[in-house]
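Asks: Next comes the structure file data_17.txt, holding compact mmCIF, N, CA and C atoms.
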```txt
# COMPACT_ATOMS: atom_id res chain seq x y z
N MET A 1 -9.22 11.17 -1.35
CA MET A 1 -8.78 11.11 0.02
C MET A 1 -7.28 11.42 0.06
N LEU A 2 -6.87 12.10 1.10
CA LEU A 2 -5.46 12.39 1.31
C LEU A 2 -4.92 11.40 2.33
N HIS A 3 -3.87 10.69 1.94
CA HIS A 3 -3.18 9.77 2.82
C HIS A 3 -1.84 10.40 3.17
N MET A 4 -1.47 10.38 4.44
CA MET A 4 -0.20 10.96 4.87
C MET A 4 0.63 9.89 5.56
N LEU A 5 1.80 9.62 5.02
CA LEU A 5 2.71 8.65 5.60
C LEU A 5 3.81 9.39 6.33
N SER A 6 3.90 9.19 7.63
CA SER A 6 4.91 9.88 8.42
C SER A 6 5.97 8.95 8.99
N THR A 7 5.80 7.65 8.83
CA THR A 7 6.79 6.71 9.34
C THR A 7 7.65 6.19 8.19
N SER A 8 8.80 5.68 8.54
CA SER A 8 9.69 5.11 7.54
C SER A 8 8.94 4.02 6.77
N PRO A 9 9.13 3.95 5.45
CA PRO A 9 8.47 2.90 4.69
C PRO A 9 8.92 1.51 5.12
N TRP A 10 10.06 1.42 5.76
CA TRP A 10 10.55 0.14 6.27
C TRP A 10 9.73 -0.33 7.47
N HIS A 11 8.98 0.60 8.08
CA HIS A 11 8.15 0.27 9.25
C HIS A 11 6.66 0.41 8.93
N ALA A 12 6.32 0.45 7.66
CA ALA A 12 4.92 0.61 7.24
C ALA A 12 4.56 -0.48 6.24
N ASP A 13 3.29 -0.80 6.19
CA ASP A 13 2.80 -1.78 5.22
C ASP A 13 2.37 -1.02 3.96
N ILE A 14 3.34 -0.68 3.13
CA ILE A 14 3.07 0.11 1.92
C ILE A 14 2.08 -0.62 1.00
N PRO A 15 2.29 -1.91 0.68
CA PRO A 15 1.30 -2.59 -0.18
C PRO A 15 -0.10 -2.58 0.44
N GLY A 16 -0.19 -2.78 1.75
CA GLY A 16 -1.50 -2.74 2.41
C GLY A 16 -2.13 -1.37 2.34
N MET A 17 -1.31 -0.33 2.52
CA MET A 17 -1.80 1.04 2.43
C MET A 17 -2.34 1.31 1.02
N LEU A 18 -1.61 0.87 0.01
CA LEU A 18 -2.03 1.12 -1.37
C LEU A 18 -3.31 0.38 -1.73
N ARG A 19 -3.53 -0.78 -1.12
CA ARG A 19 -4.78 -1.51 -1.38
C ARG A 19 -6.00 -0.73 -0.89
N LEU A 20 -5.81 0.14 0.06
CA LEU A 20 -6.92 0.94 0.59
C LEU A 20 -7.09 2.28 -0.12
N MET A 21 -6.23 2.55 -1.10
CA MET A 21 -6.31 3.80 -1.85
C MET A 21 -7.09 3.59 -3.13
N ASP A 22 -7.76 4.65 -3.54
CA ASP A 22 -8.51 4.64 -4.79
C ASP A 22 -7.82 5.54 -5.81
N GLU A 23 -8.15 5.31 -7.06
CA GLU A 23 -7.63 6.17 -8.12
C GLU A 23 -8.01 7.61 -7.82
N GLY A 24 -7.04 8.50 -7.97
CA GLY A 24 -7.29 9.91 -7.70
C GLY A 24 -6.94 10.35 -6.29
N ASP A 25 -6.66 9.39 -5.40
CA ASP A 25 -6.22 9.75 -4.06
C ASP A 25 -4.82 10.36 -4.13
N ASP A 26 -4.47 11.10 -3.11
CA ASP A 26 -3.14 11.69 -3.01
C ASP A 26 -2.43 11.12 -1.80
N LEU A 27 -1.11 10.93 -1.93
CA LEU A 27 -0.27 10.48 -0.84
C LEU A 27 0.75 11.56 -0.55
N LEU A 28 0.77 12.04 0.69
CA LEU A 28 1.75 13.03 1.12
C LEU A 28 2.73 12.36 2.05
N LEU A 29 4.00 12.39 1.68
CA LEU A 29 5.07 11.81 2.49
C LEU A 29 5.65 12.90 3.37
N ILE A 30 5.58 12.69 4.68
CA ILE A 30 6.10 13.66 5.64
C ILE A 30 7.01 12.94 6.63
N ALA A 31 7.78 13.71 7.39
CA ALA A 31 8.70 13.16 8.38
C ALA A 31 9.52 12.04 7.74
N ASP A 32 9.64 10.88 8.41
CA ASP A 32 10.42 9.78 7.84
C ASP A 32 9.75 9.11 6.65
N GLY A 33 8.51 9.45 6.38
CA GLY A 33 7.82 8.93 5.21
C GLY A 33 8.48 9.36 3.91
N VAL A 34 9.23 10.47 3.93
CA VAL A 34 9.89 10.95 2.70
C VAL A 34 10.88 9.92 2.16
N LEU A 35 11.32 9.00 3.01
CA LEU A 35 12.26 7.95 2.55
C LEU A 35 11.64 7.08 1.46
N ALA A 36 10.33 7.02 1.40
CA ALA A 36 9.65 6.21 0.38
C ALA A 36 9.83 6.79 -1.02
N ALA A 37 10.26 8.03 -1.12
CA ALA A 37 10.41 8.68 -2.42
C ALA A 37 11.85 8.75 -2.91
N VAL A 38 12.77 8.07 -2.22
CA VAL A 38 14.17 8.09 -2.66
C VAL A 38 14.28 7.30 -3.97
N GLU A 39 14.87 7.95 -4.96
CA GLU A 39 15.01 7.36 -6.30
C GLU A 39 15.68 6.00 -6.25
N ASN A 40 15.21 5.10 -7.10
CA ASN A 40 15.73 3.74 -7.25
C ASN A 40 15.48 2.85 -6.03
N SER A 41 14.59 3.28 -5.16
CA SER A 41 14.26 2.43 -4.01
C SER A 41 13.11 1.49 -4.37
N HIS A 42 12.99 0.45 -3.63
CA HIS A 42 11.90 -0.52 -3.79
C HIS A 42 10.55 0.18 -3.66
N PHE A 43 10.46 1.14 -2.76
CA PHE A 43 9.19 1.81 -2.48
C PHE A 43 8.77 2.72 -3.62
N VAL A 44 9.71 3.38 -4.26
CA VAL A 44 9.38 4.24 -5.40
C VAL A 44 8.76 3.40 -6.51
N GLU A 45 9.31 2.23 -6.74
CA GLU A 45 8.77 1.36 -7.77
C GLU A 45 7.33 0.95 -7.45
N ILE A 46 7.04 0.66 -6.20
CA ILE A 46 5.67 0.31 -5.79
C ILE A 46 4.75 1.51 -6.00
N LEU A 47 5.19 2.70 -5.59
CA LEU A 47 4.36 3.90 -5.70
C LEU A 47 4.11 4.29 -7.15
N ARG A 48 5.07 4.04 -8.03
CA ARG A 48 4.91 4.37 -9.45
C ARG A 48 3.74 3.62 -10.08
N ARG A 49 3.50 2.42 -9.62
CA ARG A 49 2.44 1.59 -10.19
C ARG A 49 1.05 1.95 -9.66
N ALA A 50 0.99 2.75 -8.63
CA ALA A 50 -0.30 3.10 -8.02
C ALA A 50 -0.95 4.26 -8.78
N PRO A 51 -2.28 4.27 -8.86
CA PRO A 51 -3.00 5.34 -9.58
C PRO A 51 -3.23 6.56 -8.70
N ILE A 52 -2.17 7.02 -8.06
CA ILE A 52 -2.26 8.14 -7.12
C ILE A 52 -1.19 9.16 -7.45
N SER A 53 -1.32 10.34 -6.88
CA SER A 53 -0.27 11.36 -6.95
C SER A 53 0.51 11.30 -5.64
N VAL A 54 1.83 11.39 -5.76
CA VAL A 54 2.70 11.32 -4.58
C VAL A 54 3.36 12.67 -4.37
N TYR A 55 3.22 13.19 -3.17
CA TYR A 55 3.80 14.47 -2.78
C TYR A 55 4.79 14.25 -1.65
N VAL A 56 5.83 15.07 -1.60
CA VAL A 56 6.85 14.98 -0.57
C VAL A 56 7.01 16.37 0.05
N LEU A 57 6.95 16.44 1.38
CA LEU A 57 7.10 17.72 2.06
C LEU A 57 8.56 18.17 1.99
N LYS A 58 8.77 19.31 1.36
CA LYS A 58 10.12 19.83 1.10
C LYS A 58 10.93 20.01 2.38
N GLU A 59 10.33 20.58 3.41
CA GLU A 59 11.06 20.85 4.65
C GLU A 59 11.57 19.56 5.30
N ASP A 60 10.77 18.51 5.26
CA ASP A 60 11.20 17.24 5.85
C ASP A 60 12.27 16.58 4.99
N THR A 61 12.18 16.76 3.69
CA THR A 61 13.20 16.23 2.79
C THR A 61 14.52 16.95 3.01
N GLN A 62 14.47 18.28 3.13
CA GLN A 62 15.68 19.06 3.40
C GLN A 62 16.30 18.68 4.74
N ALA A 63 15.47 18.49 5.75
CA ALA A 63 15.97 18.16 7.09
C ALA A 63 16.74 16.84 7.08
N ARG A 64 16.43 15.96 6.15
CA ARG A 64 17.09 14.67 6.06
C ARG A 64 18.19 14.66 4.99
N GLY A 65 18.42 15.80 4.35
CA GLY A 65 19.47 15.90 3.34
C GLY A 65 19.22 15.06 2.11
N LEU A 66 17.94 14.92 1.74
CA LEU A 66 17.58 14.01 0.64
C LEU A 66 17.07 14.71 -0.62
N CYS A 67 17.10 16.01 -0.68
CA CYS A 67 16.49 16.71 -1.83
C CYS A 67 17.02 16.22 -3.17
N ALA A 68 18.30 15.97 -3.27
CA ALA A 68 18.88 15.54 -4.54
C ALA A 68 18.59 14.08 -4.85
N GLN A 69 18.04 13.35 -3.90
CA GLN A 69 17.82 11.91 -4.09
C GLN A 69 16.35 11.55 -4.27
N ILE A 70 15.47 12.53 -4.26
CA ILE A 70 14.04 12.26 -4.37
C ILE A 70 13.67 12.02 -5.84
N SER A 71 12.85 11.03 -6.07
CA SER A 71 12.40 10.67 -7.40
C SER A 71 11.66 11.83 -8.06
N SER A 72 11.84 11.95 -9.36
CA SER A 72 11.12 13.00 -10.11
C SER A 72 9.63 12.67 -10.22
N ASP A 73 9.24 11.46 -9.85
CA ASP A 73 7.83 11.09 -9.85
C ASP A 73 7.08 11.69 -8.67
N ALA A 74 7.80 12.10 -7.65
CA ALA A 74 7.19 12.72 -6.47
C ALA A 74 7.21 14.23 -6.63
N ILE A 75 6.15 14.87 -6.19
CA ILE A 75 6.02 16.31 -6.30
C ILE A 75 6.41 16.94 -4.97
N MET A 76 7.45 17.77 -4.99
CA MET A 76 7.92 18.44 -3.78
C MET A 76 6.97 19.58 -3.45
N VAL A 77 6.49 19.63 -2.20
CA VAL A 77 5.54 20.66 -1.79
C VAL A 77 5.99 21.35 -0.51
N SER A 78 5.49 22.57 -0.34
CA SER A 78 5.76 23.36 0.86
C SER A 78 4.64 23.14 1.88
N TYR A 79 4.77 23.78 3.04
CA TYR A 79 3.69 23.70 4.02
C TYR A 79 2.41 24.34 3.49
N THR A 80 2.54 25.37 2.69
CA THR A 80 1.37 26.01 2.09
C THR A 80 0.65 25.02 1.18
N ASP A 81 1.42 24.28 0.38
CA ASP A 81 0.84 23.25 -0.48
C ASP A 81 0.21 22.13 0.35
N PHE A 82 0.82 21.81 1.48
CA PHE A 82 0.28 20.82 2.41
C PHE A 82 -1.12 21.23 2.84
N VAL A 83 -1.28 22.51 3.17
CA VAL A 83 -2.60 23.02 3.57
C VAL A 83 -3.57 22.92 2.41
N ARG A 84 -3.11 23.23 1.20
CA ARG A 84 -3.98 23.13 0.02
C ARG A 84 -4.47 21.70 -0.19
N LEU A 85 -3.59 20.74 0.05
CA LEU A 85 -4.00 19.33 -0.09
C LEU A 85 -5.04 18.96 0.95
N THR A 86 -4.91 19.48 2.17
CA THR A 86 -5.90 19.16 3.20
C THR A 86 -7.24 19.82 2.89
N VAL A 87 -7.22 20.98 2.26
CA VAL A 87 -8.46 21.64 1.85
C VAL A 87 -9.11 20.88 0.69
N LYS A 88 -8.28 20.40 -0.23
CA LYS A 88 -8.77 19.64 -1.39
C LYS A 88 -9.48 18.36 -0.97
N HIS A 89 -8.96 17.71 0.07
CA HIS A 89 -9.49 16.41 0.50
C HIS A 89 -10.14 16.55 1.88
N SER A 90 -11.46 16.43 1.92
CA SER A 90 -12.14 16.51 3.22
C SER A 90 -11.86 15.28 4.07
N ALA A 91 -11.56 14.15 3.44
CA ALA A 91 -11.23 12.93 4.17
C ALA A 91 -9.72 12.70 4.13
N GLN A 92 -9.16 12.39 5.29
CA GLN A 92 -7.71 12.18 5.39
C GLN A 92 -7.41 11.01 6.31
N VAL A 93 -6.31 10.32 5.98
CA VAL A 93 -5.87 9.20 6.80
C VAL A 93 -4.38 9.37 7.05
N ALA A 94 -3.98 9.21 8.30
CA ALA A 94 -2.56 9.27 8.66
C ALA A 94 -2.04 7.86 8.88
N TRP A 95 -0.91 7.56 8.27
CA TRP A 95 -0.28 6.25 8.41
C TRP A 95 1.00 6.39 9.18
```
Rewrite the structure from the file as structure tokens, please.
Replies:
Amino acid sequence: MLHMLSTSPWHADIPGMLRLMDEGDDLLLIADGVLAAVENSHFVEILRRAPISVYVLKEDTQARGLCAQISSDAIMVSYTDFVRLTVKHSAQVAW
């Protein structure tokens, strides 16, 4: 399943979201959700322990001036990659 977080992690229940994820699910951080991938943040540490792949939309990261601050554990993707993730996962949830 593809999970997409578009709100700030400070306004989302990240632990609750992760409890609903299964091994092999993907998480795409978009809009203010990209803040969850800032290196050395509390949220990056939580995401590191989850059995999921974390992706960050490059354009949203650039718009917030955060490209140099994103954790190397998150995979930076383009809109084309975003489409590939939606094709890969027939089931999707937006947070």
Asks: How would you write, as JSON, numbers by chain, the set of residues in range 6-89 of chain A that DSSP gives as helix (DSSP H, G or I)?
Replies: {"A": [9, 10, 11, 14, 15, 16, 17, 18, 19, 31, 32, 33, 34, 35, 36, 37, 42, 43, 44, 45, 46, 47, 48, 58, 59, 60, 61, 62, 63, 67, 68, 69, 79, 80, 81, 82, 83, 84, 85, 86, 87, 88]}
Asks: Those same residues - N, CA and C atoms - I'd like them written as a compact mmCIF listing (two decimals), keeping the file's coordinate frame.
Replies:
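Wrote it out as selection07.txt, contents follow:
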```txt
# COMPACT_ATOMS: atom_id res chain seq x y z
N PRO A 9 9.13 3.95 5.45
CA PRO A 9 8.47 2.90 4.69
C PRO A 9 8.92 1.51 5.12
N TRP A 10 10.06 1.42 5.76
CA TRP A 10 10.55 0.14 6.27
C TRP A 10 9.73 -0.33 7.47
N HIS A 11 8.98 0.60 8.08
CA HIS A 11 8.15 0.27 9.25
C HIS A 11 6.66 0.41 8.93
N ILE A 14 3.34 -0.68 3.13
CA ILE A 14 3.07 0.11 1.92
C ILE A 14 2.08 -0.62 1.00
N PRO A 15 2.29 -1.91 0.68
CA PRO A 15 1.30 -2.59 -0.18
C PRO A 15 -0.10 -2.58 0.44
N GLY A 16 -0.19 -2.78 1.75
CA GLY A 16 -1.50 -2.74 2.41
C GLY A 16 -2.13 -1.37 2.34
N MET A 17 -1.31 -0.33 2.52
CA MET A 17 -1.80 1.04 2.43
C MET A 17 -2.34 1.31 1.02
N LEU A 18 -1.61 0.87 0.01
CA LEU A 18 -2.03 1.12 -1.37
C LEU A 18 -3.31 0.38 -1.73
N ARG A 19 -3.53 -0.78 -1.12
CA ARG A 19 -4.78 -1.51 -1.38
C ARG A 19 -6.00 -0.73 -0.89
N ALA A 31 7.78 13.71 7.39
CA ALA A 31 8.70 13.16 8.38
C ALA A 31 9.52 12.04 7.74
N ASP A 32 9.64 10.88 8.41
CA ASP A 32 10.42 9.78 7.84
C ASP A 32 9.75 9.11 6.65
N GLY A 33 8.51 9.45 6.38
CA GLY A 33 7.82 8.93 5.21
C GLY A 33 8.48 9.36 3.91
N VAL A 34 9.23 10.47 3.93
CA VAL A 34 9.89 10.95 2.70
C VAL A 34 10.88 9.92 2.16
N LEU A 35 11.32 9.00 3.01
CA LEU A 35 12.26 7.95 2.55
C LEU A 35 11.64 7.08 1.46
N ALA A 36 10.33 7.02 1.40
CA ALA A 36 9.65 6.21 0.38
C ALA A 36 9.83 6.79 -1.02
N ALA A 37 10.26 8.03 -1.12
CA ALA A 37 10.41 8.68 -2.42
C ALA A 37 11.85 8.75 -2.91
N HIS A 42 12.99 0.45 -3.63
CA HIS A 42 11.90 -0.52 -3.79
C HIS A 42 10.55 0.18 -3.66
N PHE A 43 10.46 1.14 -2.76
CA PHE A 43 9.19 1.81 -2.48
C PHE A 43 8.77 2.72 -3.62
N VAL A 44 9.71 3.38 -4.26
CA VAL A 44 9.38 4.24 -5.40
C VAL A 44 8.76 3.40 -6.51
N GLU A 45 9.31 2.23 -6.74
CA GLU A 45 8.77 1.36 -7.77
C GLU A 45 7.33 0.95 -7.45
N ILE A 46 7.04 0.66 -6.20
CA ILE A 46 5.67 0.31 -5.79
C ILE A 46 4.75 1.51 -6.00
N LEU A 47 5.19 2.70 -5.59
CA LEU A 47 4.36 3.90 -5.70
C LEU A 47 4.11 4.29 -7.15
N ARG A 48 5.07 4.04 -8.03
CA ARG A 48 4.91 4.37 -9.45
C ARG A 48 3.74 3.62 -10.08
N LYS A 58 8.77 19.31 1.36
CA LYS A 58 10.12 19.83 1.10
C LYS A 58 10.93 20.01 2.38
N GLU A 59 10.33 20.58 3.41
CA GLU A 59 11.06 20.85 4.65
C GLU A 59 11.57 19.56 5.30
N ASP A 60 10.77 18.51 5.26
CA ASP A 60 11.20 17.24 5.85
C ASP A 60 12.27 16.58 4.99
N THR A 61 12.18 16.76 3.69
CA THR A 61 13.20 16.23 2.79
C THR A 61 14.52 16.95 3.01
N GLN A 62 14.47 18.28 3.13
CA GLN A 62 15.68 19.06 3.40
C GLN A 62 16.30 18.68 4.74
N ALA A 63 15.47 18.49 5.75
CA ALA A 63 15.97 18.16 7.09
C ALA A 63 16.74 16.84 7.08
N CYS A 67 17.10 16.01 -0.68
CA CYS A 67 16.49 16.71 -1.83
C CYS A 67 17.02 16.22 -3.17
N ALA A 68 18.30 15.97 -3.27
CA ALA A 68 18.88 15.54 -4.54
C ALA A 68 18.59 14.08 -4.85
N GLN A 69 18.04 13.35 -3.90
CA GLN A 69 17.82 11.91 -4.09
C GLN A 69 16.35 11.55 -4.27
N TYR A 79 4.77 23.78 3.04
CA TYR A 79 3.69 23.70 4.02
C TYR A 79 2.41 24.34 3.49
N THR A 80 2.54 25.37 2.69
CA THR A 80 1.37 26.01 2.09
C THR A 80 0.65 25.02 1.18
N ASP A 81 1.42 24.28 0.38
CA ASP A 81 0.84 23.25 -0.48
C ASP A 81 0.21 22.13 0.35
N PHE A 82 0.82 21.81 1.48
CA PHE A 82 0.28 20.82 2.41
C PHE A 82 -1.12 21.23 2.84
N VAL A 83 -1.28 22.51 3.17
CA VAL A 83 -2.60 23.02 3.57
C VAL A 83 -3.57 22.92 2.41
N ARG A 84 -3.11 23.23 1.20
CA ARG A 84 -3.98 23.13 0.02
C ARG A 84 -4.47 21.70 -0.19
N LEU A 85 -3.59 20.74 0.05
CA LEU A 85 -4.00 19.33 -0.09
C LEU A 85 -5.04 18.96 0.95
N THR A 86 -4.91 19.48 2.17
CA THR A 86 -5.90 19.16 3.20
C THR A 86 -7.24 19.82 2.89
N VAL A 87 -7.22 20.98 2.26
CA VAL A 87 -8.46 21.64 1.85
C VAL A 87 -9.11 20.88 0.69
N LYS A 88 -8.28 20.40 -0.23
CA LYS A 88 -8.77 19.64 -1.39
C LYS A 88 -9.48 18.36 -0.97
```
Asks: Please indicate the distance in Å from CA of Val44 in chain A to CA of Thr86 in chain A, rounded to one decimal place.
Replies: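 Computing it gives 23.0 Å between the two atoms.
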Asks: Calculated over only N, CA and C atoms, which of the candidates A:Gly65, A:Pro51, A:Gly33, A:Gly24 has the smallest distance to Leu2 in chain A?
Replies: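 Nearest candidate to Leu2 in chain A out of A:Gly65, A:Pro51, A:Gly33, A:Gly24: A:Gly24.
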Asks: Smallest atom-to-atom distance to Ala50 in chain A: which of A:Ser90, A:Asp13, A:Ser6, A:Leu18, using only N, CA and C atoms?
Replies: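 Closest residue, counting only N, CA and C atoms: A:Leu18.
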Asks: Go ahead and find all residues with at least one atom no further than 10 Å from (7.3, 15.7, 10.7) in the file's coordinates, using only C-alpha atoms; report them as number ranges by chain.
Replies: A: 5-7, 29-34, 57, 59-61, 63
Asks: List every residue of chain A that DSSP, applied to the backbone of this structure, places in strand (DSSP E), and write the result as a PDB file with N, CA and C atoms, keeping the file's coordinate frame.
Replies:
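Result file result-v8.pdb:
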```pdb
ATOM      1  N   LEU A   2      -6.870  12.100   1.100  1.00  0.00           N
ATOM      2  CA  LEU A   2      -5.460  12.390   1.310  1.00  0.00           C
ATOM      3  C   LEU A   2      -4.920  11.400   2.330  1.00  0.00           C
ATOM      4  N   HIS A   3      -3.870  10.690   1.940  1.00  0.00           N
ATOM      5  CA  HIS A   3      -3.180   9.770   2.820  1.00  0.00           C
ATOM      6  C   HIS A   3      -1.840  10.400   3.170  1.00  0.00           C
ATOM      7  N   MET A   4      -1.470  10.380   4.440  1.00  0.00           N
ATOM      8  CA  MET A   4      -0.200  10.960   4.870  1.00  0.00           C
ATOM      9  C   MET A   4       0.630   9.890   5.560  1.00  0.00           C
ATOM     10  N   LEU A   5       1.800   9.620   5.020  1.00  0.00           N
ATOM     11  CA  LEU A   5       2.710   8.650   5.600  1.00  0.00           C
ATOM     12  C   LEU A   5       3.810   9.390   6.330  1.00  0.00           C
ATOM     13  N   ASP A  26      -4.470  11.100  -3.110  1.00  0.00           N
ATOM     14  CA  ASP A  26      -3.140  11.690  -3.010  1.00  0.00           C
ATOM     15  C   ASP A  26      -2.430  11.120  -1.800  1.00  0.00           C
ATOM     16  N   LEU A  27      -1.110  10.930  -1.930  1.00  0.00           N
ATOM     17  CA  LEU A  27      -0.270  10.480  -0.840  1.00  0.00           C
ATOM     18  C   LEU A  27       0.750  11.560  -0.550  1.00  0.00           C
ATOM     19  N   LEU A  28       0.770  12.040   0.690  1.00  0.00           N
ATOM     20  CA  LEU A  28       1.750  13.030   1.120  1.00  0.00           C
ATOM     21  C   LEU A  28       2.730  12.360   2.050  1.00  0.00           C
ATOM     22  N   LEU A  29       4.000  12.390   1.680  1.00  0.00           N
ATOM     23  CA  LEU A  29       5.070  11.810   2.490  1.00  0.00           C
ATOM     24  C   LEU A  29       5.650  12.900   3.370  1.00  0.00           C
ATOM     25  N   SER A  53      -1.320  10.340  -6.880  1.00  0.00           N
ATOM     26  CA  SER A  53      -0.270  11.360  -6.950  1.00  0.00           C
ATOM     27  C   SER A  53       0.510  11.300  -5.640  1.00  0.00           C
ATOM     28  N   VAL A  54       1.830  11.390  -5.760  1.00  0.00           N
ATOM     29  CA  VAL A  54       2.700  11.320  -4.580  1.00  0.00           C
ATOM     30  C   VAL A  54       3.360  12.670  -4.370  1.00  0.00           C
ATOM     31  N   TYR A  55       3.220  13.190  -3.170  1.00  0.00           N
ATOM     32  CA  TYR A  55       3.800  14.470  -2.780  1.00  0.00           C
ATOM     33  C   TYR A  55       4.790  14.250  -1.650  1.00  0.00           C
ATOM     34  N   VAL A  56       5.830  15.070  -1.600  1.00  0.00           N
ATOM     35  CA  VAL A  56       6.850  14.980  -0.570  1.00  0.00           C
ATOM     36  C   VAL A  56       7.010  16.370   0.050  1.00  0.00           C
ATOM     37  N   LEU A  57       6.950  16.440   1.380  1.00  0.00           N
ATOM     38  CA  LEU A  57       7.100  17.720   2.060  1.00  0.00           C
ATOM     39  C   LEU A  57       8.560  18.170   1.990  1.00  0.00           C
ATOM     40  N   ILE A  75       6.150  14.870  -6.190  1.00  0.00           N
ATOM     41  CA  ILE A  75       6.020  16.310  -6.300  1.00  0.00           C
ATOM     42  C   ILE A  75       6.410  16.940  -4.970  1.00  0.00           C
ATOM     43  N   MET A  76       7.450  17.770  -4.990  1.00  0.00           N
ATOM     44  CA  MET A  76       7.920  18.440  -3.780  1.00  0.00           C
ATOM     45  C   MET A  76       6.970  19.580  -3.450  1.00  0.00           C
ATOM     46  N   VAL A  77       6.490  19.630  -2.200  1.00  0.00           N
ATOM     47  CA  VAL A  77       5.540  20.660  -1.790  1.00  0.00           C
ATOM     48  C   VAL A  77       5.990  21.350  -0.510  1.00  0.00           C
ATOM     49  N   GLN A  92      -9.160  12.390   5.290  1.00  0.00           N
ATOM     50  CA  GLN A  92      -7.710  12.180   5.390  1.00  0.00           C
ATOM     51  C   GLN A  92      -7.410  11.010   6.310  1.00  0.00           C
ATOM     52  N   VAL A  93      -6.310  10.320   5.980  1.00  0.00           N
ATOM     53  CA  VAL A  93      -5.870   9.200   6.800  1.00  0.00           C
ATOM     54  C   VAL A  93      -4.380   9.370   7.050  1.00  0.00           C
ATOM     55  N   ALA A  94      -3.980   9.210   8.300  1.00  0.00           N
ATOM     56  CA  ALA A  94      -2.560   9.270   8.660  1.00  0.00           C
ATOM     57  C   ALA A  94      -2.040   7.860   8.880  1.00  0.00           C
TER      58      ALA A  94
END
```
Asks: Name all residues at most 10 Å from Phe82 in chain A (count only C-alpha atoms; drop same-chain ones fewer than 2 positions away) and give them as number ranges by chain.
Replies: A: 28, 30, 55-58, 77-80, 84-88
Asks: Rounded to one decimal in Å, what is the spacing between CA of His89 in chain A and CA of Leu20 in chain A?
Replies: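 CA of Leu20 in chain A lies 15.7 Å from CA of His89 in chain A.
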Asks: Grab the atom C of Gln92 in chain A to atom N of His3 in chain A distance for me, in Å with one decimal place.
Replies: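 Here the two named atoms are 5.6 Å from each other.
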Asks: Counting only C-alpha atoms, which residue out of A:Asp81, A:Ser53, A:Ala68, A:Ala36 sits closest to Ser8 in chain A?
Replies: A:Ala36
Asks: Taking only C-alpha atoms into account, name the residue in A:Ile46, A:Ala37, A:Ala94, A:Met1 that is nearest to Ile75 in chain A.
Replies: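 Between A:Ile46, A:Ala37, A:Ala94, A:Met1, the residue approaching Ile75 in chain A most closely is A:Ala37.
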Asks: Taking the point (8.2, 4.8, -11.5) as given in the file, collect each protein or nucleic acid residue that comes within 7 Å of it, counting all atoms listed in the file, and present the set as a list of chain:residue names.
Replies: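 Collected hits near the coordinates: A:Val44, A:Glu45, A:Ile46, A:Leu47, A:Arg48, A:Arg49, A:Asp73.
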Asks: Those residues you just picked out, can you put them in a file as a PDB file, in the frame of the given file with N, CA and C atoms?
Replies:
```
ATOM      1  N   VAL A  44       9.710   3.380  -4.260  1.00  0.00           N
ATOM      2  CA  VAL A  44       9.380   4.240  -5.400  1.00  0.00           C
ATOM      3  C   VAL A  44       8.760   3.400  -6.510  1.00  0.00           C
ATOM      4  N   GLU A  45       9.310   2.230  -6.740  1.00  0.00           N
ATOM      5  CA  GLU A  45       8.770   1.360  -7.770  1.00  0.00           C
ATOM      6  C   GLU A  45       7.330   0.950  -7.450  1.00  0.00           C
ATOM      7  N   ILE A  46       7.040   0.660  -6.200  1.00  0.00           N
ATOM      8  CA  ILE A  46       5.670   0.310  -5.790  1.00  0.00           C
ATOM      9  C   ILE A  46       4.750   1.510  -6.000  1.00  0.00           C
ATOM     10  N   LEU A  47       5.190   2.700  -5.590  1.00  0.00           N
ATOM     11  CA  LEU A  47       4.360   3.900  -5.700  1.00  0.00           C
ATOM     12  C   LEU A  47       4.110   4.290  -7.150  1.00  0.00           C
ATOM     13  N   ARG A  48       5.070   4.040  -8.030  1.00  0.00           N
ATOM     14  CA  ARG A  48       4.910   4.370  -9.450  1.00  0.00           C
ATOM     15  C   ARG A  48       3.740   3.620 -10.080  1.00  0.00           C
ATOM     16  N   ARG A  49       3.500   2.420  -9.620  1.00  0.00           N
ATOM     17  CA  ARG A  49       2.440   1.590 -10.190  1.00  0.00           C
ATOM     18  C   ARG A  49       1.050   1.950  -9.660  1.00  0.00           C
ATOM     19  N   ASP A  73       9.240  11.460  -9.850  1.00  0.00           N
ATOM     20  CA  ASP A  73       7.830  11.090  -9.850  1.00  0.00           C
ATOM     21  C   ASP A  73       7.080  11.690  -8.670  1.00  0.00           C
TER      22      ASP A  73
END
```
Asks: Would you please work out which residue, of A:Val83, A:Ile52, A:Leu35, A:Ala74, is nearest to Met17 in chain A when using only C-alpha atoms?
Replies: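 Under the stated criterion, the closest residue is A:Ile52.
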Asks: Go through A:Glu39, A:Glu23, A:Pro15, A:Trp10 one by one, measure the shortest atom-to-atom distance of each to Ser72 in chain A using only N, CA and C atoms, and give the residue with the smallest value.
Replies: A:Glu39
Asks: Using the file's own x, y and z axes, so that the box edges lie along x, y and z, what centre and edge lengths in Å (one decimal) does a box around every listed atom of range 75-85 of chain A get when 3 Å is added on each side? Give it as AutoDock Vina command-line options.
Replies:
```
--center_x 1.4 --center_y 20.4 --center_z -1.1 --size_x 19.0 --size_y 17.1 --size_z 16.3
```
